[in-house]
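Asks: Sharing protein.tsv, TSV, C-alpha atoms:
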chain	number	residue	atom	x	y	z
A	1	MET	CA	-60.39	51.97	70.13
A	2	ARG	CA	-61.61	49.54	72.75
A	3	ARG	CA	-59.61	46.33	72.82
A	4	GLU	CA	-61.47	43.08	73.25
A	5	ILE	CA	-61.21	41.47	76.66
A	6	PRO	CA	-60.61	37.72	76.37
A	7	THR	CA	-62.80	35.36	78.29
A	8	THR	CA	-61.03	32.29	79.57
A	9	GLU	CA	-62.40	28.84	80.24
A	10	THR	CA	-59.99	26.33	81.75
A	11	ASN	CA	-60.42	22.67	80.91
A	12	ARG	CA	-59.21	20.56	83.83
A	13	SER	CA	-60.25	17.19	82.44
A	14	ILE	CA	-56.81	15.68	82.77
A	15	ASN	CA	-54.97	12.50	82.07
A	16	VAL	CA	-52.29	11.39	84.48
A	17	PHE	CA	-49.12	9.58	83.48
A	18	GLY	CA	-47.78	7.41	86.26
A	19	THR	CA	-45.04	4.88	86.85
A	20	GLN	CA	-44.32	2.38	89.59
A	21	THR	CA	-40.99	0.59	89.87
A	22	ALA	CA	-39.65	-2.26	91.97
A	23	ASP	CA	-36.36	-4.17	92.04
A	24	VAL	CA	-36.55	-7.95	92.45
A	25	GLU	CA	-33.52	-10.12	93.14
A	26	ILE	CA	-33.33	-13.61	91.61
A	27	LYS	CA	-30.73	-16.23	92.55
A	28	ALA	CA	-29.62	-16.92	88.98
A	29	SER	CA	-27.21	-15.42	86.47
A	30	SER	CA	-28.42	-12.67	84.16
A	31	SER	CA	-27.85	-14.85	81.07
A	32	LYS	CA	-29.94	-17.69	82.50
A	33	THR	CA	-32.67	-15.27	83.57
A	34	TRP	CA	-32.70	-13.46	80.22
A	35	ASP	CA	-32.91	-16.77	78.35
A	36	VAL	CA	-36.35	-17.22	79.90
A	37	TYR	CA	-37.68	-13.65	79.94
A	38	SER	CA	-36.68	-12.92	76.32
A	39	THR	CA	-38.14	-16.08	74.76
A	40	LEU	CA	-41.27	-18.22	74.63
A	41	LYS	CA	-40.07	-19.96	77.79
A	42	VAL	CA	-41.60	-17.22	79.93
A	43	TYR	CA	-45.00	-17.88	78.32
A	44	SER	CA	-44.62	-21.62	79.00
A	45	VAL	CA	-43.95	-20.93	82.68
A	46	ILE	CA	-47.05	-18.78	82.97
A	47	GLN	CA	-49.20	-21.32	81.13
A	48	SER	CA	-48.08	-24.20	83.34
A	49	GLU	CA	-47.76	-22.48	86.71
A	50	LEU	CA	-50.43	-19.77	86.66
A	51	SER	CA	-53.27	-21.37	84.71
A	52	HIS	CA	-55.45	-21.19	87.84
A	53	LEU	CA	-55.12	-17.39	87.73
A	54	ILE	CA	-54.86	-16.43	84.06
A	55	GLY	CA	-55.27	-17.97	80.65
A	56	LEU	CA	-52.47	-17.15	78.20
A	57	ASP	CA	-52.31	-17.84	74.48
A	58	VAL	CA	-49.63	-16.74	72.04
A	59	VAL	CA	-51.64	-15.50	69.06
A	60	GLU	CA	-48.82	-14.16	66.90
A	61	GLY	CA	-45.04	-14.63	66.79
A	62	SER	CA	-42.66	-17.02	68.48
A	63	GLY	CA	-41.25	-15.02	71.37
A	64	GLU	CA	-39.36	-12.39	69.41
A	65	GLU	CA	-40.14	-8.67	69.23
A	66	THR	CA	-43.73	-8.07	67.94
A	67	THR	CA	-44.99	-11.32	69.54
A	68	ILE	CA	-48.60	-10.88	70.66
A	69	SER	CA	-50.24	-12.83	73.46
A	70	LYS	CA	-53.79	-12.85	74.78
A	71	ILE	CA	-54.22	-12.83	78.56
A	72	THR	CA	-57.55	-13.73	80.14
A	73	PRO	CA	-57.70	-13.24	83.92
A	74	HIS	CA	-59.99	-15.73	85.64
A	75	PRO	CA	-63.18	-13.92	86.72
A	76	ASP	CA	-62.90	-15.32	90.25
A	77	VAL	CA	-59.50	-13.66	90.60
A	78	SER	CA	-59.78	-10.36	88.73
A	79	THR	CA	-62.41	-8.18	87.07
A	80	LEU	CA	-59.88	-7.01	84.47
A	81	PRO	CA	-61.17	-7.80	80.95
A	82	ALA	CA	-59.15	-10.03	78.62
A	83	TYR	CA	-56.45	-8.17	76.73
A	84	LYS	CA	-53.75	-8.51	74.09
A	85	GLU	CA	-50.17	-7.62	74.92
A	86	LYS	CA	-47.37	-7.03	72.42
A	87	SER	CA	-43.60	-7.29	72.86
A	88	THR	CA	-42.61	-3.86	71.57
A	89	LYS	CA	-38.94	-4.11	72.55
A	90	ILE	CA	-36.49	-6.94	73.20
A	91	ASP	CA	-32.99	-5.52	73.60
A	92	HIS	CA	-30.62	-8.47	73.96
A	93	GLU	CA	-27.55	-6.30	74.47
A	94	ASN	CA	-28.96	-4.38	77.45
A	95	LYS	CA	-31.39	-7.13	78.51
A	96	VAL	CA	-34.50	-4.94	78.37
A	97	LYS	CA	-37.97	-6.13	77.39
A	98	VAL	CA	-41.10	-4.01	77.01
A	99	LEU	CA	-44.67	-5.32	76.80
A	100	GLU	CA	-47.56	-3.04	75.85
A	101	VAL	CA	-51.30	-3.63	76.05
A	102	ILE	CA	-52.70	-3.07	72.55
A	103	GLU	CA	-56.31	-4.20	72.98
A	104	GLY	CA	-58.81	-4.71	75.81
A	105	GLY	CA	-57.86	-4.93	79.47
A	106	TYR	CA	-56.70	-1.62	80.90
A	107	LEU	CA	-57.63	0.16	77.65
A	108	ASP	CA	-61.25	-0.95	78.15
A	109	LEU	CA	-61.21	0.52	81.66
A	110	GLY	CA	-60.31	4.02	80.49
A	111	PHE	CA	-56.52	3.97	80.33
A	112	THR	CA	-54.91	5.31	77.15
A	113	CYS	CA	-51.75	3.24	77.57
A	114	TYR	CA	-50.31	0.54	79.78
A	115	ARG	CA	-46.89	-1.04	79.45
A	116	THR	CA	-44.54	-3.17	81.52
A	117	LYS	CA	-40.76	-2.93	81.28
A	118	TYR	CA	-38.27	-5.51	82.53
A	119	GLU	CA	-34.59	-4.59	82.91
A	120	LEU	CA	-31.99	-7.11	84.03
A	121	ILE	CA	-29.18	-5.63	86.08
A	122	GLU	CA	-26.07	-7.62	86.86
A	123	THR	CA	-24.85	-7.75	90.44
A	124	GLU	CA	-21.38	-8.51	91.77
A	125	LYS	CA	-22.44	-12.11	92.40
A	126	GLU	CA	-22.40	-14.61	89.55
A	127	ASP	CA	-25.62	-16.31	90.65
A	128	SER	CA	-27.58	-13.15	91.41
A	129	THR	CA	-29.47	-10.76	89.14
A	130	THR	CA	-31.69	-7.78	89.82
A	131	ILE	CA	-34.85	-7.48	87.74
A	132	ARG	CA	-36.12	-3.93	87.65
A	133	VAL	CA	-39.82	-3.93	86.83
A	134	THR	CA	-41.62	-0.75	85.81
A	135	ILE	CA	-45.27	-0.31	84.95
A	136	GLU	CA	-46.17	2.84	83.01
A	137	TYR	CA	-49.74	3.94	82.50
A	138	GLU	CA	-51.79	6.92	81.42
A	139	GLY	CA	-55.44	7.59	82.06
A	140	PRO	CA	-57.96	9.54	84.13
A	141	GLU	CA	-56.62	10.58	87.51
A	142	GLU	CA	-59.15	8.50	89.46
A	143	MET	CA	-58.24	5.36	87.48
A	144	CYS	CA	-54.49	5.83	87.89
A	145	ALA	CA	-54.95	6.19	91.64
A	146	THR	CA	-56.04	2.52	91.76
A	147	MET	CA	-52.90	1.15	90.09
A	148	ASP	CA	-50.66	-1.25	92.01
A	149	ILE	CA	-47.52	-3.06	90.84
A	150	ALA	CA	-48.01	-5.89	93.38
A	151	PRO	CA	-49.88	-8.32	91.04
A	152	VAL	CA	-47.05	-8.04	88.49
A	153	LEU	CA	-44.54	-8.92	91.19
A	154	LYS	CA	-46.57	-11.98	92.20
A	155	VAL	CA	-46.24	-13.32	88.66
A	156	LEU	CA	-42.50	-12.60	88.75
A	157	GLU	CA	-42.21	-14.55	91.98
A	158	VAL	CA	-43.46	-17.70	90.24
A	159	ILE	CA	-41.33	-17.20	87.12
A	160	ASN	CA	-38.21	-16.53	89.15
A	161	ASP	CA	-38.79	-19.57	91.34
A	162	CYS	CA	-38.90	-21.75	88.21
A	163	ILE	CA	-35.70	-20.21	86.86
A	164	HIS	CA	-33.92	-20.56	90.19
A	165	THR	CA	-34.79	-24.24	90.62
A	166	SER	CA	-34.06	-25.11	86.95
A	167	ILE	CA	-36.90	-27.62	86.92
A	168	ASN	CA	-39.23	-28.31	84.03
A	169	CYS	CA	-42.05	-26.00	84.98
A	170	LYS	CA	-44.73	-28.24	83.52
A	171	ASN	CA	-44.14	-30.71	86.35
A	172	HIS	CA	-42.94	-28.27	88.95
A	173	GLN	CA	-44.66	-27.28	92.17
A	174	THR	CA	-43.34	-23.86	93.14
A	175	THR	CA	-41.44	-23.76	96.39
A	176	LYS	CA	-42.65	-20.25	97.24
A	177	GLN	CA	-39.19	-19.23	98.39
A	178	PRO	CA	-39.26	-15.63	99.61
A	179	ILE	CA	-37.74	-13.14	97.20
A	180	ASN	CA	-36.04	-9.86	97.90
A	181	ILE	CA	-38.23	-7.02	96.63
A	182	LYS	CA	-37.26	-3.37	96.89
A	183	PHE	CA	-39.83	-0.76	95.94
A	184	LEU	CA	-38.24	2.28	94.34
A	185	PRO	CA	-39.55	5.82	94.80
A	186	GLN	CA	-42.43	6.48	92.44
A	187	ILE	CA	-41.64	8.99	89.74
A	188	ASN	CA	-43.70	12.18	89.86
A	189	GLN	CA	-46.90	11.75	87.94
A	190	LEU	CA	-47.14	13.87	84.82
A	191	ILE	CA	-50.37	15.69	84.12
A	192	ASN	CA	-51.75	16.67	80.72
A	193	MET	CA	-53.71	19.90	80.91
A	194	LYS	CA	-55.09	22.60	78.67
A	195	GLN	CA	-56.59	26.04	78.97
A	196	THR	CA	-58.76	27.62	76.29
A	197	ALA	CA	-59.91	31.17	75.68
A	198	GLU	CA	-61.85	32.87	72.90
A	199	VAL	CA	-61.40	36.46	71.79
A	200	GLU	CA	-63.29	38.38	69.11
A	201	ILE	CA	-61.43	40.55	66.61
A	202	LYS	CA	-63.19	43.13	64.45
A	203	ALA	CA	-61.68	41.89	61.21
A	204	SER	CA	-62.48	39.24	58.62
A	205	SER	CA	-61.07	35.76	59.07
A	206	SER	CA	-59.06	36.05	55.83
A	207	LYS	CA	-57.43	39.30	56.95
A	208	THR	CA	-56.72	37.88	60.41
A	209	TRP	CA	-55.33	34.61	59.02
A	210	ASP	CA	-53.10	36.53	56.60
A	211	VAL	CA	-51.24	37.84	59.65
A	212	TYR	CA	-51.32	34.85	62.00
A	213	SER	CA	-50.24	32.34	59.33
A	214	THR	CA	-47.26	34.30	57.96
A	215	LEU	CA	-44.16	36.20	59.04
A	216	LYS	CA	-46.37	39.26	59.56
A	217	VAL	CA	-47.26	38.06	63.05
A	218	TYR	CA	-43.56	37.94	63.95
A	219	SER	CA	-43.09	41.47	62.59
A	220	VAL	CA	-45.94	42.75	64.76
A	221	ILE	CA	-44.44	41.17	67.87
A	222	GLN	CA	-40.99	42.56	67.06
A	223	ALA	CA	-42.37	46.06	66.52
A	224	GLU	CA	-44.98	46.27	69.27
A	225	LEU	CA	-43.71	44.00	72.05
A	226	SER	CA	-39.95	44.52	72.01
A	227	HIS	CA	-40.17	45.98	75.54
A	228	LEU	CA	-41.50	42.62	76.76
A	229	ILE	CA	-39.87	39.97	74.58
A	230	ALA	CA	-37.16	39.70	71.96
A	231	LEU	CA	-38.09	37.55	68.96
A	232	ASP	CA	-35.83	36.26	66.21
A	233	VAL	CA	-36.76	33.96	63.34
A	234	VAL	CA	-33.89	31.47	63.26
A	235	GLU	CA	-35.19	29.11	60.57
A	236	GLY	CA	-37.84	29.30	57.85
A	237	SER	CA	-39.91	32.11	56.42
A	238	GLY	CA	-43.25	31.79	58.20
A	239	GLU	CA	-44.37	28.47	56.77
A	240	GLU	CA	-44.79	25.19	58.66
A	241	THR	CA	-41.49	24.17	60.39
A	242	THR	CA	-40.48	27.83	60.93
A	243	ILE	CA	-38.51	28.17	64.18
A	244	SER	CA	-38.30	31.33	66.25
A	245	LYS	CA	-36.35	32.17	69.37
A	246	ILE	CA	-38.20	34.08	72.09
A	247	THR	CA	-36.32	35.76	74.92
A	248	PRO	CA	-38.53	37.27	77.64
A	249	HIS	CA	-37.04	40.37	79.23
A	250	PRO	CA	-35.80	39.44	82.72
A	251	ASP	CA	-37.62	42.41	84.29
A	252	VAL	CA	-40.90	41.04	82.93
A	253	SER	CA	-40.62	37.25	83.24
A	254	PRO	CA	-38.18	34.74	84.77
A	255	LEU	CA	-38.97	32.28	81.95
A	256	PRO	CA	-35.74	31.24	80.17
A	257	ALA	CA	-35.31	31.90	76.45
A	258	TYR	CA	-36.85	29.22	74.25
A	259	LYS	CA	-37.28	28.06	70.68
A	260	GLU	CA	-40.75	27.57	69.25
A	261	LYS	CA	-41.61	25.67	66.07
A	262	SER	CA	-44.64	25.97	63.80
A	263	THR	CA	-45.69	22.32	63.70
A	264	LYS	CA	-48.97	22.89	61.85
A	265	ILE	CA	-50.37	25.58	59.57
A	266	ASP	CA	-53.71	24.43	58.16
A	267	HIS	CA	-54.84	27.07	55.67
A	268	GLU	CA	-58.13	25.33	54.90
A	269	ASN	CA	-59.33	25.26	58.52
A	270	LYS	CA	-57.25	28.24	59.65
A	271	VAL	CA	-55.46	26.41	62.45
A	272	LYS	CA	-51.88	27.07	63.56
A	273	VAL	CA	-49.91	25.13	66.18
A	274	LEU	CA	-46.70	26.31	67.83
A	275	GLU	CA	-44.64	23.97	70.01
A	276	VAL	CA	-41.74	24.73	72.34
A	277	ILE	CA	-38.83	22.54	71.23
A	278	GLU	CA	-36.00	23.88	73.38
A	279	GLY	CA	-35.56	25.86	76.60
A	280	GLY	CA	-38.29	27.91	78.24
A	281	TYR	CA	-41.03	25.75	79.73
A	282	LEU	CA	-39.00	22.61	79.04
A	283	ASP	CA	-36.23	23.97	81.28
A	284	ILE	CA	-38.55	24.54	84.24
A	285	GLY	CA	-40.05	21.06	84.44
A	286	PHE	CA	-42.60	20.77	81.64
A	287	THR	CA	-42.26	17.89	79.17
A	288	ALA	CA	-44.42	19.54	76.50
A	289	PHE	CA	-45.91	22.96	75.79
A	290	ARG	CA	-47.84	24.00	72.70
A	291	THR	CA	-50.17	26.80	71.65
A	292	ILE	CA	-53.05	26.31	69.19
A	293	TYR	CA	-54.76	29.14	67.32
A	294	GLU	CA	-58.08	28.44	65.59
A	295	LEU	CA	-60.00	31.04	63.62
A	296	VAL	CA	-63.77	30.61	63.82
A	297	GLU	CA	-66.18	32.38	61.46
A	298	THR	CA	-68.94	34.36	63.17
A	299	GLY	CA	-71.21	34.99	60.19
A	300	LYS	CA	-70.27	38.67	60.18
A	301	GLU	CA	-67.87	39.92	57.53
A	302	ASP	CA	-65.81	42.06	59.92
A	303	SER	CA	-65.79	39.73	62.92
A	304	THR	CA	-63.76	36.62	63.73
A	305	ILE	CA	-63.36	34.51	66.85
A	306	ILE	CA	-59.82	33.42	67.70
A	307	ARG	CA	-59.84	30.34	69.90
A	308	VAL	CA	-56.55	29.96	71.72
A	309	THR	CA	-55.57	26.77	73.53
A	310	ILE	CA	-52.43	26.09	75.50
A	311	GLU	CA	-51.64	22.41	76.09
A	312	TYR	CA	-48.94	21.36	78.49
A	313	GLU	CA	-47.61	18.35	80.34
A	314	GLY	CA	-45.53	18.24	83.48
A	315	PRO	CA	-45.55	17.50	87.22
A	316	GLU	CA	-48.75	18.59	88.94
A	317	GLU	CA	-47.07	21.29	91.01
A	318	VAL	CA	-45.58	22.88	87.88
A	319	CYS	CA	-48.80	22.68	85.86
A	320	ALA	CA	-50.66	24.38	88.70
A	321	THR	CA	-48.72	27.59	87.98
A	322	MET	CA	-49.86	27.89	84.36
A	323	ASP	CA	-52.09	30.74	83.22
A	324	ILE	CA	-53.26	31.57	79.69
A	325	ALA	CA	-53.55	35.29	80.52
A	326	PRO	CA	-50.05	36.31	79.23
A	327	VAL	CA	-50.81	34.67	75.87
A	328	MET	CA	-54.04	36.62	75.65
A	329	LYS	CA	-52.21	39.89	76.38
A	330	VAL	CA	-49.97	39.26	73.36
A	331	LEU	CA	-53.05	38.51	71.23
A	332	GLU	CA	-54.64	41.76	72.35
A	333	VAL	CA	-51.72	43.70	70.87
A	334	ILE	CA	-51.59	41.65	67.64
A	335	ASN	CA	-55.34	42.01	67.12
A	336	HIS	CA	-55.19	45.76	67.70
A	337	CYS	CA	-52.57	46.03	64.95
A	338	ILE	CA	-54.63	43.92	62.54
A	339	VAL	CA	-57.76	46.02	63.06
A	340	ASN	CA	-55.76	49.21	62.50
A	341	ASP	CA	-53.70	47.84	59.58
A	342	LYS	CA	-50.44	48.25	61.49
A	343	TYR	CA	-48.48	45.31	60.10
So that I can check it, write out the structure of this file as structure tokens.

Replies:
Amino acid sequence: MRREIPTTETNRSINVFGTQTADVEIKASSSKTWDVYSTLKVYSVIQSELSHLIGLDVVEGSGEETTISKITPHPDVSTLPAYKEKSTKIDHENKVKVLEVIEGGYLDLGFTCYRTKYELIETEKEDSTTIRVTIEYEGPEEMCATMDIAPVLKVLEVINDCIHTSINCKNHQTTKQPINIKFLPQINQLINMKQTAEVEIKASSSKTWDVYSTLKVYSVIQAELSHLIALDVVEGSGEETTISKITPHPDVSPLPAYKEKSTKIDHENKVKVLEVIEGGYLDIGFTAFRTIYELVETGKEDSTIIRVTIEYEGPEEVCATMDIAPVMKVLEVINHCIVNDKY
């Protein structure tokens, strides 16, 4: 019997995750510095010293975690739309604060997330503290390419000058003392990508789903593909949350053994999602790897389309090596067994 040849269409509409980090030294103790950055005092400094650049209003909270502020850049200074920013983390023990844009601003420009993290690091000197500033963002590649941490550091320069001089900022003219800034190497950008292919199987969707959604699919792989991969079900009995261990034969693939979990089995829409949770792709640089199977009715009783999508995230150079073809080879064998009732 002729086996169906999968046709593959790769979707390269990608989001990029990027970070930029810089270390800034301030001539003040970490406790004194944290007393400003972790409270409403930091908002007061910005309101009094940077009102010619941005408008800032605290719309919810009083400086603690979950406080929300609205920032409105002056149109003569920046084209960035007004936005709301939330304190999502204030860790007093480790002196770490995280702010995340929750509305407007970068989100209106096409980014899916934008956050700023401040970490205070003690130095050997009593009157010296390092502030490590990190901006994290995710969005279309062309948007992320425009990002620059410099404006954030300009704001820090003013705040730090106020802390250093210990003067009431409402009546204080900043001295513009130079500060020591060290830019750290930028972390590799992570890319989200997916590849999709559709293959037709000469069987009804109910018959096909009866195999793909149960332990029967594992039995087929164990029986028909043992020369390529070893598969063991280590937890569950085919339902959602079932975990299997896949060990590719070293003569066939250098991919390390990995565990894969069924994170979704939607019987109504005939959709199954498998996600690597340990080893394998995660050991070679990927931060996520999942496979989605969707059964699509064709209108013919003995014909079903299986849409297969692999989604993965990792450094660009690692993602560039991905190919959906091996997944489709496995499907070819499974589908052949379904058509011929060998399961």

Asks: Could you give me, as a list in words, the residues within 12 Å of Ser205 (chain A), counting only C-alpha atoms and dropping anything in the same chain fewer than 5 positions from it?

Replies: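 The residues satisfying every condition are Glu200, Asp210, Val211, Tyr212, Ser213, His267, Glu268, Asn269, Lys270, Val271, Glu294, Leu295, Val296, Glu297, Thr298, Gly299, Lys300, Glu301, Asp302, Ser303, Thr304, Ile305, Ile306, Asn335, Ile338 and Val339 of chain A.
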
Asks: Which value, in Å to one decimal, gives the distance between CA of Ile163 (chain A) and CA of Pro151 (chain A)?

Replies: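 Those two atoms sit 19.0 Å apart.
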
Asks: Between A:Ala257, A:Ile201, A:Val308, A:Val45, which has the minimum distance to His336 (chain A) (counting all atoms listed in the file)?

Replies: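 Of the candidates, the smallest distance to His336 (chain A) is held by A:Ile201.
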
Asks: Applying 8 Å and all atoms listed in the file, which residues near region 322-327 of chain A remain after dropping the ones on its own chain fewer than 2 positions away? List them as a list in words.

Replies: Thr8, Gln195, Thr196, Ala197, Ile310, Val318, Cys319, Ala320, Lys329, Val330 and Leu331 of chain A

Asks: Kindly export the residues of the current selection with C-alpha atoms, as a PDB file, keeping the file's coordinate frame.

Replies:
ATOM      1  CA  THR A   8     -61.030  32.290  79.570  1.00  0.00           C
ATOM      2  CA  GLN A 195     -56.590  26.040  78.970  1.00  0.00           C
ATOM      3  CA  THR A 196     -58.760  27.620  76.290  1.00  0.00           C
ATOM      4  CA  ALA A 197     -59.910  31.170  75.680  1.00  0.00           C
ATOM      5  CA  ILE A 310     -52.430  26.090  75.500  1.00  0.00           C
ATOM      6  CA  VAL A 318     -45.580  22.880  87.880  1.00  0.00           C
ATOM      7  CA  CYS A 319     -48.800  22.680  85.860  1.00  0.00           C
ATOM      8  CA  ALA A 320     -50.660  24.380  88.700  1.00  0.00           C
ATOM      9  CA  LYS A 329     -52.210  39.890  76.380  1.00  0.00           C
ATOM     10  CA  VAL A 330     -49.970  39.260  73.360  1.00  0.00           C
ATOM     11  CA  LEU A 331     -53.050  38.510  71.230  1.00  0.00           C
TER      12      LEU A 331
END

Asks: A:Tyr137, A:Phe111, A:Tyr43, A:Trp34: which is nearest His92 (chain A), counting all atoms listed in the file?

Replies: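 Using all atoms listed in the file, the shortest distance to His92 (chain A) belongs to A:Trp34.
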
Asks: For Ser128 (chain A), which residue out of A:Pro250, A:Val233, A:Arg290, A:Ser30 is the nearest one, using all atoms listed in the file?

Replies: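 Looking only at the distances to Ser128 (chain A), the closest residue turns out to be A:Ser30.
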
Asks: Quick one: residues within 9 Å of Leu215 (chain A), all atoms listed in the file, excluding same-chain residues fewer than 6 positions away - as a ChimeraX atom specification?

Replies: /A:233,237-239

Asks: CA of His249 (chain A) to CA of Ile334 (chain A): how many Å, to one decimal?

Replies: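 Atom-to-atom, CA of His249 (chain A) and CA of Ile334 (chain A) are spaced 18.6 Å apart.
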
Asks: Env of Lys95 (chain A): 7 Å cut, atoms = only C-alpha atoms, seq-sep filter 2 positions within chain, self excluded. Answer as a list in words.

Replies: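 The filter keeps Trp34, Asp91, His92, Glu93, Lys97, Glu119 and Leu120 of chain A.
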
Asks: For Ile131 (chain A), list every protein, DNA or RNA residue within 8 Å, evaluated using only C-alpha atoms, and leave out those in the same chain fewer than 5 positions away; present the list as a PyMOL selection string.

Replies: chain A and resi 23-26+118-121

Asks: Would you save the residues of that selection, restricted to C-alpha atoms, as a CSV table (one decimal), in the frame of the given file?

Replies:
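Result file is part18.csv:
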chain,number,residue,atom,x,y,z
A,23,ASP,CA,-36.4,-4.2,92.0
A,24,VAL,CA,-36.6,-8.0,92.4
A,25,GLU,CA,-33.5,-10.1,93.1
A,26,ILE,CA,-33.3,-13.6,91.6
A,118,TYR,CA,-38.3,-5.5,82.5
A,119,GLU,CA,-34.6,-4.6,82.9
A,120,LEU,CA,-32.0,-7.1,84.0
A,121,ILE,CA,-29.2,-5.6,86.1

Asks: Hey, can I get the axis-aligned box for region 293-310 of chain A? All listed atoms, 3 Å padding on each side, centre and edge lengths in Å to one decimal, as AutoDock Vina command-line options.

Replies:
--center_x -61.8 --center_y 34.1 --center_z 66.5 --size_x 24.8 --size_y 22.0 --size_z 24.0

Asks: Determine the nearest neighbour of Ile221 (chain A) from the options A:Tyr343, A:Tyr37, A:Tyr312, A:Phe289, counting all atoms listed in the file.

Replies: A:Tyr343

Asks: For a quick check of understanding, using all atoms listed in the file, which of A:Ala82, A:Cys337, A:Ile229, A:Ile71 has the smallest distance to Leu255 (chain A)?

Replies: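 Checking each of A:Ala82, A:Cys337, A:Ile229, A:Ile71 against Leu255 (chain A), counting all atoms listed in the file, the winner is A:Ile229.
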
Asks: For the atom pair CA of Lys154 (chain A) and CA of Val58 (chain A), what is the interatomic distance in Å to one decimal place?

Replies: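 Atom-to-atom, CA of Lys154 (chain A) to CA of Val58 (chain A), that is 20.9 Å.
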
Asks: Find, counting all atoms listed in the file, the residue in A:Ile159, A:Ala28, A:Val234, A:Leu153 that gets nearest to Thr130 (chain A).

Replies: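 Ranked by minimum distance to Thr130 (chain A), first place goes to A:Ala28.
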
Asks: Taking (-40.6, 26.2, 72.1) as a centre in this file's frame and 8 Å as the limit, can you find every polymer residue with an atom that close, using only C-alpha atoms, and give them as a list in words?

Replies: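 In the file's frame, the residues around the point are Lys245, Tyr258, Lys259, Glu260, Lys261, Leu274, Glu275, Val276, Ile277, Glu278, Gly279, Gly280, Tyr281, Leu282, Phe289 and Arg290 of chain A.
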
Asks: Extract region 289-316 of chain A from the structure I just pasted (atoms: C-alpha atoms) and return it as a short mmCIF file (atom, residue, chain, number, x, y, z; two decimals), in the first residue's frame.

Replies:
data_model
loop_
_atom_site.label_atom_id
_atom_site.label_comp_id
_atom_site.auth_asym_id
_atom_site.auth_seq_id
_atom_site.Cartn_x
_atom_site.Cartn_y
_atom_site.Cartn_z
CA PHE A 289 9.68 21.74 22.74
CA ARG A 290 6.16 20.46 22.13
CA THR A 291 4.29 18.53 19.45
CA ILE A 292 0.62 19.15 18.62
CA TYR A 293 -1.57 16.67 16.74
CA GLU A 294 -4.91 17.89 15.36
CA LEU A 295 -7.33 15.66 13.49
CA VAL A 296 -9.28 17.47 10.79
CA GLU A 297 -12.39 15.99 9.13
CA THR A 298 -12.29 15.89 5.33
CA GLY A 299 -15.94 15.14 4.62
CA LYS A 300 -15.05 11.61 3.52
CA GLU A 301 -15.80 8.72 5.86
CA ASP A 302 -12.46 6.97 5.30
CA SER A 303 -10.21 10.02 5.16
CA THR A 304 -8.73 12.25 7.86
CA ILE A 305 -6.14 15.01 7.84
CA ILE A 306 -3.61 14.95 10.67
CA ARG A 307 -2.11 18.39 11.21
CA VAL A 308 1.17 18.15 13.07
CA THR A 309 2.88 21.19 14.59
CA ILE A 310 6.17 21.31 16.43
CA GLU A 311 6.71 24.41 18.58
CA TYR A 312 10.08 25.17 20.08
CA GLU A 313 12.04 27.93 21.75
CA GLY A 314 15.77 28.36 22.00
CA PRO A 315 18.78 30.31 20.71
CA GLU A 316 18.56 31.15 17.02
#
